[in-house]
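K.L.:
This is protein_23.pdb, which holds PDB, C-alpha atoms, pLDDT in the B column:
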ATOM      1  CA  GLY A   1      63.837  47.013  31.536  1.00 47.00           C
ATOM      2  CA  CYS A   2      61.660  50.072  31.051  1.00 57.00           C
ATOM      3  CA  HIS A   3      61.047  49.469  27.365  1.00 70.00           C
ATOM      4  CA  MET A   4      58.123  47.732  25.739  1.00 89.00           C
ATOM      5  CA  LEU A   5      58.552  44.159  24.531  1.00 96.00           C
ATOM      6  CA  LEU A   6      57.920  45.212  20.923  1.00 97.00           C
ATOM      7  CA  GLN A   7      58.095  48.737  19.546  1.00 97.00           C
ATOM      8  CA  ILE A   8      57.296  49.581  15.948  1.00 96.00           C
ATOM      9  CA  ASP A   9      58.236  53.139  15.162  1.00 96.00           C
ATOM     10  CA  LYS A  10      56.948  54.706  11.939  1.00 95.00           C
ATOM     11  CA  ILE A  11      57.746  51.927   9.504  1.00 94.00           C
ATOM     12  CA  ASP A  12      57.277  52.203   5.735  1.00 93.00           C
ATOM     13  CA  SER A  13      57.093  48.851   3.973  1.00 92.00           C
ATOM     14  CA  TYR A  14      56.903  48.071   0.273  1.00 88.00           C
ATOM     15  CA  TYR A  15      56.199  45.083  -1.964  1.00 84.00           C
ATOM     16  CA  GLU A  16      58.355  45.665  -5.023  1.00 81.00           C
ATOM     17  CA  ASN A  17      57.481  49.302  -5.761  1.00 82.00           C
ATOM     18  CA  SER A  18      54.092  49.384  -4.130  1.00 87.00           C
ATOM     19  CA  HIS A  19      54.036  51.342  -0.875  1.00 91.00           C
ATOM     20  CA  VAL A  20      52.013  49.208   1.569  1.00 89.00           C
ATOM     21  CA  LEU A  21      52.690  50.546   5.077  1.00 93.00           C
ATOM     22  CA  HIS A  22      52.799  54.265   5.797  1.00 91.00           C
ATOM     23  CA  GLU A  23      54.502  55.269   9.048  1.00 93.00           C
ATOM     24  CA  VAL A  24      52.919  52.475  11.062  1.00 95.00           C
ATOM     25  CA  SER A  25      53.623  52.614  14.800  1.00 96.00           C
ATOM     26  CA  LEU A  26      52.428  50.205  17.447  1.00 96.00           C
ATOM     27  CA  GLU A  27      53.699  48.572  20.599  1.00 96.00           C
ATOM     28  CA  VAL A  28      53.158  45.458  22.660  1.00 97.00           C
ATOM     29  CA  ASP A  29      54.028  45.149  26.327  1.00 96.00           C
ATOM     30  CA  THR A  30      55.356  41.979  27.929  1.00 95.00           C
ATOM     31  CA  GLY A  31      52.566  39.410  28.180  1.00 94.00           C
ATOM     32  CA  GLU A  32      50.029  41.701  26.504  1.00 96.00           C
ATOM     33  CA  MET A  33      47.567  40.711  23.777  1.00 97.00           C
ATOM     34  CA  ILE A  34      46.825  43.269  21.086  1.00 97.00           C
ATOM     35  CA  ALA A  35      44.684  42.892  17.982  1.00 97.00           C
ATOM     36  CA  ILE A  36      45.108  44.497  14.570  1.00 97.00           C
ATOM     37  CA  LEU A  37      41.827  44.979  12.735  1.00 95.00           C
ATOM     38  CA  GLY A  38      40.857  46.394   9.362  1.00 93.00           C
ATOM     39  CA  ARG A  39      39.442  45.478   5.984  1.00 89.00           C
ATOM     40  CA  ASN A  40      41.245  43.230   3.520  1.00 87.00           C
ATOM     41  CA  GLY A  41      44.384  44.687   1.983  1.00 87.00           C
ATOM     42  CA  VAL A  42      44.993  47.471   4.516  1.00 91.00           C
ATOM     43  CA  GLY A  43      48.391  46.111   5.595  1.00 92.00           C
ATOM     44  CA  LYS A  44      47.675  43.854   8.571  1.00 94.00           C
ATOM     45  CA  SER A  45      49.602  40.840   7.248  1.00 93.00           C
ATOM     46  CA  THR A  46      52.374  43.106   5.961  1.00 93.00           C
ATOM     47  CA  THR A  47      52.748  44.509   9.472  1.00 95.00           C
ATOM     48  CA  LEU A  48      53.248  40.989  10.852  1.00 96.00           C
ATOM     49  CA  LYS A  49      55.659  40.119   8.032  1.00 95.00           C
ATOM     50  CA  SER A  50      57.619  43.302   8.716  1.00 96.00           C
ATOM     51  CA  ILE A  51      58.009  42.327  12.387  1.00 97.00           C
ATOM     52  CA  MET A  52      59.106  38.833  11.346  1.00 96.00           C
ATOM     53  CA  GLY A  53      61.685  40.072   8.821  1.00 95.00           C
ATOM     54  CA  LEU A  54      59.853  38.591   5.812  1.00 94.00           C
ATOM     55  CA  VAL A  55      59.401  42.165   4.579  1.00 92.00           C
ATOM     56  CA  HIS A  56      62.113  44.713   5.382  1.00 91.00           C
ATOM     57  CA  PRO A  57      60.811  48.208   6.177  1.00 93.00           C
ATOM     58  CA  ARG A  58      62.586  50.923   4.155  1.00 93.00           C
ATOM     59  CA  ASN A  59      62.114  53.524   6.874  1.00 95.00           C
ATOM     60  CA  GLY A  60      61.410  53.433  10.582  1.00 95.00           C
ATOM     61  CA  VAL A  61      62.596  50.935  13.149  1.00 97.00           C
ATOM     62  CA  ILE A  62      61.331  47.837  14.955  1.00 97.00           C
ATOM     63  CA  ARG A  63      62.728  46.950  18.372  1.00 97.00           C
ATOM     64  CA  PHE A  64      62.259  43.753  20.356  1.00 97.00           C
ATOM     65  CA  LYS A  65      63.268  44.002  24.014  1.00 95.00           C
ATOM     66  CA  GLY A  66      65.064  47.250  23.199  1.00 94.00           C
ATOM     67  CA  GLU A  67      67.135  45.727  20.396  1.00 96.00           C
ATOM     68  CA  VAL A  68      66.708  46.751  16.758  1.00 96.00           C
ATOM     69  CA  ILE A  69      65.430  43.769  14.772  1.00 96.00           C
ATOM     70  CA  SER A  70      64.275  45.518  11.566  1.00 94.00           C
ATOM     71  CA  GLY A  71      66.521  44.409   8.705  1.00 92.00           C
ATOM     72  CA  LYS A  72      67.389  41.082  10.327  1.00 96.00           C
ATOM     73  CA  LYS A  73      66.544  37.713   8.789  1.00 95.00           C
ATOM     74  CA  PRO A  74      63.413  35.788   9.877  1.00 94.00           C
ATOM     75  CA  ASN A  75      65.366  32.919  11.472  1.00 92.00           C
ATOM     76  CA  VAL A  76      67.414  35.399  13.536  1.00 94.00           C
ATOM     77  CA  ILE A  77      64.224  37.150  14.671  1.00 95.00           C
ATOM     78  CA  ALA A  78      62.544  33.816  15.497  1.00 93.00           C
ATOM     79  CA  HIS A  79      65.569  32.828  17.562  1.00 92.00           C
ATOM     80  CA  LYS A  80      65.212  35.987  19.649  1.00 94.00           C
ATOM     81  CA  GLY A  81      61.801  34.792  20.805  1.00 94.00           C
ATOM     82  CA  ILE A  82      59.150  35.757  18.240  1.00 96.00           C
ATOM     83  CA  GLY A  83      56.835  33.075  16.864  1.00 94.00           C
ATOM     84  CA  TYR A  84      54.800  33.504  13.682  1.00 95.00           C
ATOM     85  CA  VAL A  85      51.639  31.658  12.668  1.00 94.00           C
ATOM     86  CA  PRO A  86      51.014  32.643   9.031  1.00 90.00           C
ATOM     87  CA  GLU A  87      47.634  32.596   7.358  1.00 85.00           C
ATOM     88  CA  GLU A  88      48.533  29.574   5.253  1.00 84.00           C
ATOM     89  CA  ARG A  89      48.860  26.607   7.613  1.00 81.00           C
ATOM     90  CA  ARG A  90      52.335  25.197   7.131  1.00 83.00           C
ATOM     91  CA  ILE A  91      52.221  21.632   8.300  1.00 90.00           C
ATOM     92  CA  PHE A  92      53.931  18.524   6.947  1.00 93.00           C
ATOM     93  CA  PRO A  93      51.007  16.466   5.575  1.00 93.00           C
ATOM     94  CA  ARG A  94      52.835  13.107   5.592  1.00 95.00           C
ATOM     95  CA  LEU A  95      54.244  13.456   9.090  1.00 95.00           C
ATOM     96  CA  THR A  96      52.132  12.570  12.117  1.00 97.00           C
ATOM     97  CA  VAL A  97      50.903  15.263  14.462  1.00 97.00           C
ATOM     98  CA  ARG A  98      53.666  14.352  16.922  1.00 96.00           C
ATOM     99  CA  GLU A  99      56.337  14.444  14.203  1.00 95.00           C
ATOM    100  CA  ASN A 100      55.069  17.866  13.134  1.00 94.00           C
ATOM    101  CA  LEU A 101      55.423  19.054  16.728  1.00 94.00           C
ATOM    102  CA  VAL A 102      58.949  17.625  16.988  1.00 92.00           C
ATOM    103  CA  MET A 103      59.843  19.800  13.967  1.00 87.00           C
ATOM    104  CA  GLY A 104      58.834  22.845  15.989  1.00 84.00           C
ATOM    105  CA  GLN A 105      61.061  22.119  18.958  1.00 82.00           C
ATOM    106  CA  LYS A 106      63.981  24.482  19.316  1.00 68.00           C
ATOM    107  CA  THR A 107      66.828  24.111  21.681  1.00 57.00           C
ATOM    108  CA  GLY A 108      68.007  27.119  23.624  1.00 53.00           C
ATOM    109  CA  LYS A 109      66.145  28.752  26.441  1.00 53.00           C
ATOM    110  CA  HIS A 110      64.403  32.082  26.646  1.00 52.00           C
ATOM    111  CA  ALA A 111      64.625  33.369  30.184  1.00 45.00           C
ATOM    112  CA  GLY A 112      61.266  33.860  31.821  1.00 49.00           C
ATOM    113  CA  ALA A 113      59.335  32.046  29.101  1.00 53.00           C
ATOM    114  CA  SER A 114      57.553  28.883  30.166  1.00 61.00           C
ATOM    115  CA  ARG A 115      59.022  25.759  28.647  1.00 82.00           C
ATOM    116  CA  TRP A 116      56.526  24.322  26.197  1.00 89.00           C
ATOM    117  CA  THR A 117      56.912  20.590  25.630  1.00 91.00           C
ATOM    118  CA  ILE A 118      54.843  18.190  23.540  1.00 93.00           C
ATOM    119  CA  GLU A 119      53.406  16.782  26.784  1.00 93.00           C
ATOM    120  CA  LYS A 120      52.403  20.247  27.993  1.00 93.00           C
ATOM    121  CA  VAL A 121      50.837  21.052  24.606  1.00 93.00           C
ATOM    122  CA  TYR A 122      48.870  17.781  24.711  1.00 95.00           C
ATOM    123  CA  ALA A 123      47.755  18.395  28.307  1.00 93.00           C
ATOM    124  CA  LYS A 124      46.482  21.873  27.391  1.00 91.00           C
ATOM    125  CA  PHE A 125      44.989  20.902  24.019  1.00 93.00           C
ATOM    126  CA  PRO A 126      43.655  17.337  24.332  1.00 94.00           C
ATOM    127  CA  GLN A 127      42.076  17.452  20.879  1.00 93.00           C
ATOM    128  CA  LEU A 128      45.601  17.426  19.407  1.00 95.00           C
ATOM    129  CA  ALA A 129      46.685  14.634  21.741  1.00 96.00           C
ATOM    130  CA  GLU A 130      43.921  12.443  20.295  1.00 97.00           C
ATOM    131  CA  ARG A 131      45.481  12.939  16.852  1.00 96.00           C
ATOM    132  CA  ASP A 132      49.030  12.123  17.999  1.00 97.00           C
ATOM    133  CA  ALA A 133      49.681   9.386  15.407  1.00 97.00           C
ATOM    134  CA  THR A 134      47.503  10.786  12.598  1.00 97.00           C
ATOM    135  CA  PRO A 135      49.242  12.295   9.530  1.00 96.00           C
ATOM    136  CA  GLY A 136      48.912  16.086   9.410  1.00 95.00           C
ATOM    137  CA  GLY A 137      47.231  15.873   6.021  1.00 94.00           C
ATOM    138  CA  ASN A 138      44.413  13.739   7.462  1.00 96.00           C
ATOM    139  CA  ILE A 139      43.226  16.071  10.221  1.00 95.00           C
ATOM    140  CA  SER A 140      40.636  18.842   9.831  1.00 93.00           C
ATOM    141  CA  GLY A 141      41.470  22.422   8.877  1.00 91.00           C
ATOM    142  CA  GLY A 142      40.778  23.521  12.433  1.00 92.00           C
ATOM    143  CA  GLU A 143      43.067  20.848  13.832  1.00 94.00           C
ATOM    144  CA  GLN A 144      45.746  21.883  11.346  1.00 94.00           C
ATOM    145  CA  GLN A 145      45.401  25.417  12.695  1.00 93.00           C
ATOM    146  CA  MET A 146      45.769  24.087  16.261  1.00 94.00           C
ATOM    147  CA  LEU A 147      48.830  22.137  15.163  1.00 95.00           C
ATOM    148  CA  THR A 148      50.428  25.157  13.500  1.00 94.00           C
ATOM    149  CA  LEU A 149      49.908  27.212  16.644  1.00 94.00           C
ATOM    150  CA  ALA A 150      51.163  24.417  18.920  1.00 94.00           C
ATOM    151  CA  ARG A 151      54.241  23.887  16.757  1.00 93.00           C
ATOM    152  CA  THR A 152      55.091  27.577  17.034  1.00 93.00           C
ATOM    153  CA  LEU A 153      54.730  27.390  20.830  1.00 92.00           C
ATOM    154  CA  LEU A 154      57.358  24.660  20.995  1.00 91.00           C
ATOM    155  CA  GLY A 155      59.917  27.307  19.996  1.00 89.00           C
ATOM    156  CA  ASN A 156      59.099  28.922  23.382  1.00 90.00           C
ATOM    157  CA  PRO A 157      58.387  32.385  21.982  1.00 93.00           C
ATOM    158  CA  GLU A 158      57.855  35.405  24.231  1.00 95.00           C
ATOM    159  CA  LEU A 159      55.733  36.987  21.515  1.00 97.00           C
ATOM    160  CA  ILE A 160      53.556  35.227  18.963  1.00 97.00           C
ATOM    161  CA  LEU A 161      52.114  36.795  15.790  1.00 97.00           C
ATOM    162  CA  ILE A 162      48.924  35.080  14.604  1.00 97.00           C
ATOM    163  CA  ASP A 163      47.457  35.870  11.178  1.00 96.00           C
ATOM    164  CA  GLU A 164      43.741  35.127  10.542  1.00 94.00           C
ATOM    165  CA  PRO A 165      43.545  31.934  12.648  1.00 94.00           C
ATOM    166  CA  SER A 166      39.758  31.512  12.327  1.00 93.00           C
ATOM    167  CA  GLU A 167      39.749  31.926   8.531  1.00 91.00           C
ATOM    168  CA  GLY A 168      37.564  29.267   6.890  1.00 91.00           C
ATOM    169  CA  LEU A 169      36.722  27.507  10.163  1.00 93.00           C
ATOM    170  CA  SER A 170      33.286  26.578  11.506  1.00 92.00           C
ATOM    171  CA  PRO A 171      32.084  28.739  14.417  1.00 93.00           C
ATOM    172  CA  ILE A 172      32.706  25.848  16.842  1.00 93.00           C
ATOM    173  CA  MET A 173      36.271  25.301  15.620  1.00 93.00           C
ATOM    174  CA  ALA A 174      36.923  29.061  15.624  1.00 94.00           C
ATOM    175  CA  GLN A 175      35.818  29.105  19.264  1.00 94.00           C
ATOM    176  CA  THR A 176      38.314  26.297  20.002  1.00 93.00           C
ATOM    177  CA  ILE A 177      41.125  28.219  18.314  1.00 94.00           C
ATOM    178  CA  PHE A 178      40.333  31.427  20.212  1.00 95.00           C
ATOM    179  CA  ASP A 179      40.203  29.461  23.483  1.00 94.00           C
ATOM    180  CA  MET A 180      43.611  28.047  22.602  1.00 94.00           C
ATOM    181  CA  ILE A 181      45.003  31.536  21.965  1.00 96.00           C
ATOM    182  CA  SER A 182      43.566  32.660  25.321  1.00 95.00           C
ATOM    183  CA  GLU A 183      45.323  29.759  27.052  1.00 93.00           C
ATOM    184  CA  VAL A 184      48.613  30.695  25.403  1.00 93.00           C
ATOM    185  CA  HIS A 185      48.166  34.288  26.559  1.00 95.00           C
ATOM    186  CA  LYS A 186      47.415  33.142  30.126  1.00 93.00           C
ATOM    187  CA  GLU A 187      50.769  31.374  30.083  1.00 91.00           C
ATOM    188  CA  GLY A 188      52.447  34.765  29.771  1.00 92.00           C
ATOM    189  CA  VAL A 189      53.084  34.797  26.016  1.00 95.00           C
ATOM    190  CA  ALA A 190      52.462  38.191  24.378  1.00 97.00           C
ATOM    191  CA  VAL A 191      50.169  37.993  21.333  1.00 97.00           C
ATOM    192  CA  VAL A 192      49.567  40.081  18.228  1.00 98.00           C
ATOM    193  CA  LEU A 193      46.313  38.793  16.759  1.00 97.00           C
ATOM    194  CA  VAL A 194      44.972  39.581  13.299  1.00 96.00           C
ATOM    195  CA  ASP A 195      41.494  38.199  12.729  1.00 94.00           C
ATOM    196  CA  ARG A 196      38.203  39.306  11.236  1.00 91.00           C
ATOM    197  CA  ASN A 197      36.100  38.091  14.121  1.00 92.00           C
ATOM    198  CA  LEU A 198      35.307  41.351  15.925  1.00 91.00           C
ATOM    199  CA  GLN A 199      33.552  39.802  18.893  1.00 91.00           C
ATOM    200  CA  TYR A 200      36.421  37.512  19.840  1.00 93.00           C
ATOM    201  CA  THR A 201      39.339  39.794  19.037  1.00 94.00           C
ATOM    202  CA  CYS A 202      37.889  42.808  20.833  1.00 94.00           C
ATOM    203  CA  THR A 203      36.932  40.741  23.872  1.00 94.00           C
ATOM    204  CA  MET A 204      40.298  38.981  24.134  1.00 94.00           C
ATOM    205  CA  ALA A 205      42.743  41.754  23.287  1.00 95.00           C
ATOM    206  CA  GLN A 206      43.712  44.390  25.829  1.00 91.00           C
ATOM    207  CA  ARG A 207      44.235  46.957  23.102  1.00 95.00           C
ATOM    208  CA  VAL A 208      43.183  47.179  19.480  1.00 96.00           C
ATOM    209  CA  TYR A 209      44.758  48.917  16.493  1.00 96.00           C
ATOM    210  CA  VAL A 210      42.510  49.551  13.516  1.00 95.00           C
ATOM    211  CA  MET A 211      44.283  49.946  10.187  1.00 94.00           C
ATOM    212  CA  SER A 212      43.099  51.779   7.106  1.00 92.00           C
ATOM    213  CA  LYS A 213      44.999  52.086   3.811  1.00 90.00           C
ATOM    214  CA  GLY A 214      48.339  51.046   5.250  1.00 93.00           C
ATOM    215  CA  ALA A 215      48.198  53.254   8.338  1.00 94.00           C
ATOM    216  CA  VAL A 216      46.871  53.015  11.881  1.00 95.00           C
ATOM    217  CA  GLY A 217      43.542  54.860  11.821  1.00 92.00           C
ATOM    218  CA  TYR A 218      42.543  54.251  15.416  1.00 93.00           C
ATOM    219  CA  SER A 219      43.831  52.649  18.577  1.00 94.00           C
ATOM    220  CA  GLY A 220      42.006  52.030  21.817  1.00 94.00           C
ATOM    221  CA  SER A 221      40.338  49.324  23.860  1.00 94.00           C
ATOM    222  CA  GLY A 222      38.428  46.439  22.320  1.00 93.00           C
ATOM    223  CA  LYS A 223      35.374  47.529  24.286  1.00 92.00           C
ATOM    224  CA  GLU A 224      35.428  50.924  22.556  1.00 93.00           C
ATOM    225  CA  VAL A 225      35.573  49.302  19.120  1.00 93.00           C
ATOM    226  CA  LEU A 226      32.703  46.922  19.949  1.00 92.00           C
ATOM    227  CA  GLU A 227      30.519  49.789  21.156  1.00 93.00           C
ATOM    228  CA  ASP A 228      31.373  52.280  18.415  1.00 93.00           C
ATOM    229  CA  LYS A 229      29.199  51.440  15.423  1.00 92.00           C
ATOM    230  CA  GLU A 230      30.401  54.477  13.494  1.00 92.00           C
ATOM    231  CA  LEU A 231      34.013  53.377  13.823  1.00 91.00           C
ATOM    232  CA  GLN A 232      33.036  49.893  12.620  1.00 92.00           C
ATOM    233  CA  THR A 233      31.275  51.359   9.590  1.00 91.00           C
ATOM    234  CA  THR A 234      34.247  53.594   8.762  1.00 90.00           C
ATOM    235  CA  PHE A 235      37.036  51.036   9.179  1.00 90.00           C
ATOM    236  CA  LEU A 236      35.611  47.537   9.316  1.00 87.00           C
ATOM    237  CA  ALA A 237      32.375  47.246   7.334  1.00 78.00           C
ATOM    238  CA  VAL A 238      32.883  45.136   4.244  1.00 58.00           C
TER     239      VAL A 238
END
Spell out the structure here as structure tokens.
P.N.:
Amino acid sequence: GCHMLLQIDKIDSYYENSHVLHEVSLEVDTGEMIAILGRNGVGKSTTLKSIMGLVHPRNGVIRFKGEVISGKKPNVIAHKGIGYVPEERRIFPRLTVRENLVMGQKTGKHAGASRWTIEKVYAKFPQLAERDATPGGNISGGEQQMLTLARTLLGNPELILIDEPSEGLSPIMAQTIFDMISEVHKEGVAVVLVDRNLQYTCTMAQRVYVMSKGAVGYSGSGKEVLEDKELQTTFLAV
């Protein structure tokens, strides 16, 4: 159709009585990767949670493939083809890597989306394949992040929301995770990426939204953000 894959139109979101998002609007086209940047506490995670139905916006509307999804439950939204990789890695520590992946498999097909299988995941990410029989609790933090991402892929999402994937990882492991996200994007999955690593996010994402105090303060290309030191000082400097 002529509409964007995801359209967020002026949403206001609250935690209890605290007003977190103020008329946030953004959009993602089919197969596009966008990044959301900003300091801690500006509403990046809340934006992802609002898309996923974990937080219900009080005003504004969110559409996925032209259909209103704001107000729907997370499992309903997931079933429509949105995957979510939260900041806290949710793996089953006693289950093996393969068993964790089996838990991510959903039946039902999303037209046009490539079919992710455990074999395909292992072929693309051999580091996980090597851990096939290892309990999830015994692999490194970076591998747990890979596993969380891979498990989400097995639901065959058309859009995947990824919150702070390189958090707490060594530079080498962060590189591996970003390579993995690039691979996923090359497979035609649209991505909304929240991460503090400017260099990677701005290089990988086609468009960047910079948030400030619960609102979008700037949007443009990653290249512009990387070259604009003043913008970095205003919105991103710690």
K.L.:
With all atoms listed in the file as the counted atoms, please give the residues lying no more than 10 Å from A:His19, apart from itself and same-chain residues fewer than 6 positions off, as a VMD selection string.
P.N.:
chain A and resid 12 to 13 58 214
K.L.:
Set out as a tab-separated table a contact list for stretch 138-190 of chain A and stretch 39-57 of chain A with a cut-off of 9 Å, giving each residue of stretch 138-190 of chain A that qualifies its closest atom pair and distance in Å to one decimal, counting all atoms listed in the file, ordered by chain and rising residue number.
P.N.:
residue	atom	partner	partner_atom	distance
A:Leu161	CA	A:Leu48	CA	6.6
A:Ile162	CA	A:Leu48	CA	8.2
A:Asp163	CA	A:Ser45	CA	6.7
A:Glu164	CA	A:Ser45	CA	8.8
K.L.:
List the residues matched by the PyMOL selection byres ((chain A and resi 143) around 12) in the displayed structure as a count of residues only, ordered by chain and then by residue number.
P.N.:
38
K.L.:
Would you please work out which residue, of A:Glu88, A:Phe235, A:Trp116, A:Gly31, is nearest to A:Val216 when using all atoms listed in the file?
P.N.:
A:Phe235
K.L.:
Could you tell me, as a PyMOL selection string, exactly which residues end up selected when the PyMOL selection byres ((chain A and resi 160) around 12) is applied to this structure?
P.N.:
chain A and resi 5-6+28+30-35+48+51-52+77-78+80-86+148-159+161-163+181+184-185+188-194
K.L.:
Of the candidates A:Arg98, A:Met103, A:Phe92, A:Val208, which shows the shortest atom-to-atom distance to A:Ile118, using only C-alpha atoms?
P.N.:
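Looking only at the distances to A:Ile118, the closest residue turns out to be A:Arg98.
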K.L.:
May I ask which of the residues A:Gly222, A:Ala123, A:Ala215, A:Ile69 is the closest one to A:Lys10, counting all atoms listed in the file?
P.N.:
A:Ala215
K.L.:
Quick check, in Å to one decimal: how far apart do atom CA of A:Glu23 and atom CA of A:Ala205 lie?
P.N.:
22.9 Å
K.L.:
Which polymer residues, protein or nucleic acid, are no farther than 6 Å from (43.5, 48.4, 25.9), counting all atoms listed in the file, as a list in words?
P.N.:
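It turns out the residues near that spot are Gln206, Arg207, Gly220 and Ser221 of chain A.
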K.L.:
One number please: atom CA of A:Met211 to atom CA of A:Leu37, in Å, one decimal.
P.N.:
6.1 Å
K.L.:
Closest to A:Leu26 among A:Glu187, A:Glu167, A:Ser219, A:Gln199, using only C-alpha atoms?
P.N.:
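Of A:Glu187, A:Glu167, A:Ser219, A:Gln199, the one nearest A:Leu26 is A:Ser219, counting only C-alpha atoms.
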K.L.:
Work out how far apart atom CA of A:Asp9 and atom CA of A:Glu27 are and give it in Å to one decimal.
P.N.:
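Separation of atom CA of A:Asp9 and atom CA of A:Glu27: 8.4 Å.
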K.L.:
Start from the incomplete input, build N, CA, C and O atoms for stretch 182-197 of chain A, and deliver everything as a JSON list (two decimals), in the frame of the given file.
P.N.:
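As written to disk, rebuild_7.json reads:
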[["chain", "number", "residue", "atom", "x", "y", "z"],
["A", 182, "SER", "N", 43.74, 32.15, 23.96],
["A", 182, "SER", "CA", 43.57, 32.66, 25.32],
["A", 182, "SER", "C", 44.45, 31.92, 26.32],
["A", 182, "SER", "O", 45.08, 32.52, 27.18],
["A", 183, "GLU", "N", 44.48, 30.60, 26.19],
["A", 183, "GLU", "CA", 45.32, 29.76, 27.05],
["A", 183, "GLU", "C", 46.80, 30.14, 26.92],
["A", 183, "GLU", "O", 47.52, 30.24, 27.91],
["A", 184, "VAL", "N", 47.22, 30.32, 25.68],
["A", 184, "VAL", "CA", 48.61, 30.70, 25.40],
["A", 184, "VAL", "C", 48.93, 32.03, 26.08],
["A", 184, "VAL", "O", 49.97, 32.20, 26.72],
["A", 185, "HIS", "N", 48.00, 32.97, 25.96],
["A", 185, "HIS", "CA", 48.17, 34.29, 26.56],
["A", 185, "HIS", "C", 48.24, 34.19, 28.09],
["A", 185, "HIS", "O", 49.06, 34.85, 28.72],
["A", 186, "LYS", "N", 47.40, 33.32, 28.67],
["A", 186, "LYS", "CA", 47.42, 33.14, 30.13],
["A", 186, "LYS", "C", 48.75, 32.59, 30.61],
["A", 186, "LYS", "O", 49.11, 32.76, 31.77],
["A", 187, "GLU", "N", 49.46, 31.92, 29.72],
["A", 187, "GLU", "CA", 50.77, 31.37, 30.08],
["A", 187, "GLU", "C", 51.86, 32.45, 30.04],
["A", 187, "GLU", "O", 53.04, 32.15, 30.20],
["A", 188, "GLY", "N", 51.47, 33.68, 29.73],
["A", 188, "GLY", "CA", 52.45, 34.76, 29.77],
["A", 188, "GLY", "C", 53.07, 35.11, 28.43],
["A", 188, "GLY", "O", 53.98, 35.93, 28.35],
["A", 189, "VAL", "N", 52.57, 34.48, 27.35],
["A", 189, "VAL", "CA", 53.08, 34.80, 26.02],
["A", 189, "VAL", "C", 52.34, 36.04, 25.49],
["A", 189, "VAL", "O", 51.13, 36.11, 25.56],
["A", 190, "ALA", "N", 53.09, 37.02, 24.99],
["A", 190, "ALA", "CA", 52.46, 38.19, 24.38],
["A", 190, "ALA", "C", 51.95, 37.79, 23.00],
["A", 190, "ALA", "O", 52.55, 36.95, 22.32],
["A", 191, "VAL", "N", 50.82, 38.39, 22.58],
["A", 191, "VAL", "CA", 50.17, 37.99, 21.33],
["A", 191, "VAL", "C", 49.82, 39.21, 20.49],
["A", 191, "VAL", "O", 49.28, 40.20, 21.01],
["A", 192, "VAL", "N", 50.13, 39.13, 19.19],
["A", 192, "VAL", "CA", 49.57, 40.08, 18.23],
["A", 192, "VAL", "C", 48.63, 39.27, 17.34],
["A", 192, "VAL", "O", 49.06, 38.35, 16.64],
["A", 193, "LEU", "N", 47.34, 39.58, 17.43],
["A", 193, "LEU", "CA", 46.31, 38.79, 16.76],
["A", 193, "LEU", "C", 45.67, 39.59, 15.62],
["A", 193, "LEU", "O", 45.21, 40.71, 15.83],
["A", 194, "VAL", "N", 45.70, 39.01, 14.43],
["A", 194, "VAL", "CA", 44.97, 39.58, 13.30],
["A", 194, "VAL", "C", 43.85, 38.60, 12.98],
["A", 194, "VAL", "O", 44.10, 37.43, 12.71],
["A", 195, "ASP", "N", 42.61, 39.07, 13.08],
["A", 195, "ASP", "CA", 41.49, 38.20, 12.73],
["A", 195, "ASP", "C", 40.28, 39.06, 12.44],
["A", 195, "ASP", "O", 40.15, 40.16, 12.97],
["A", 196, "ARG", "N", 39.37, 38.53, 11.62],
["A", 196, "ARG", "CA", 38.20, 39.31, 11.24],
["A", 196, "ARG", "C", 37.07, 39.20, 12.24],
["A", 196, "ARG", "O", 36.10, 39.94, 12.16],
["A", 197, "ASN", "N", 37.19, 38.27, 13.17],
["A", 197, "ASN", "CA", 36.10, 38.09, 14.12],
["A", 197, "ASN", "C", 36.15, 39.16, 15.21],
["A", 197, "ASN", "O", 36.91, 39.07, 16.17]]
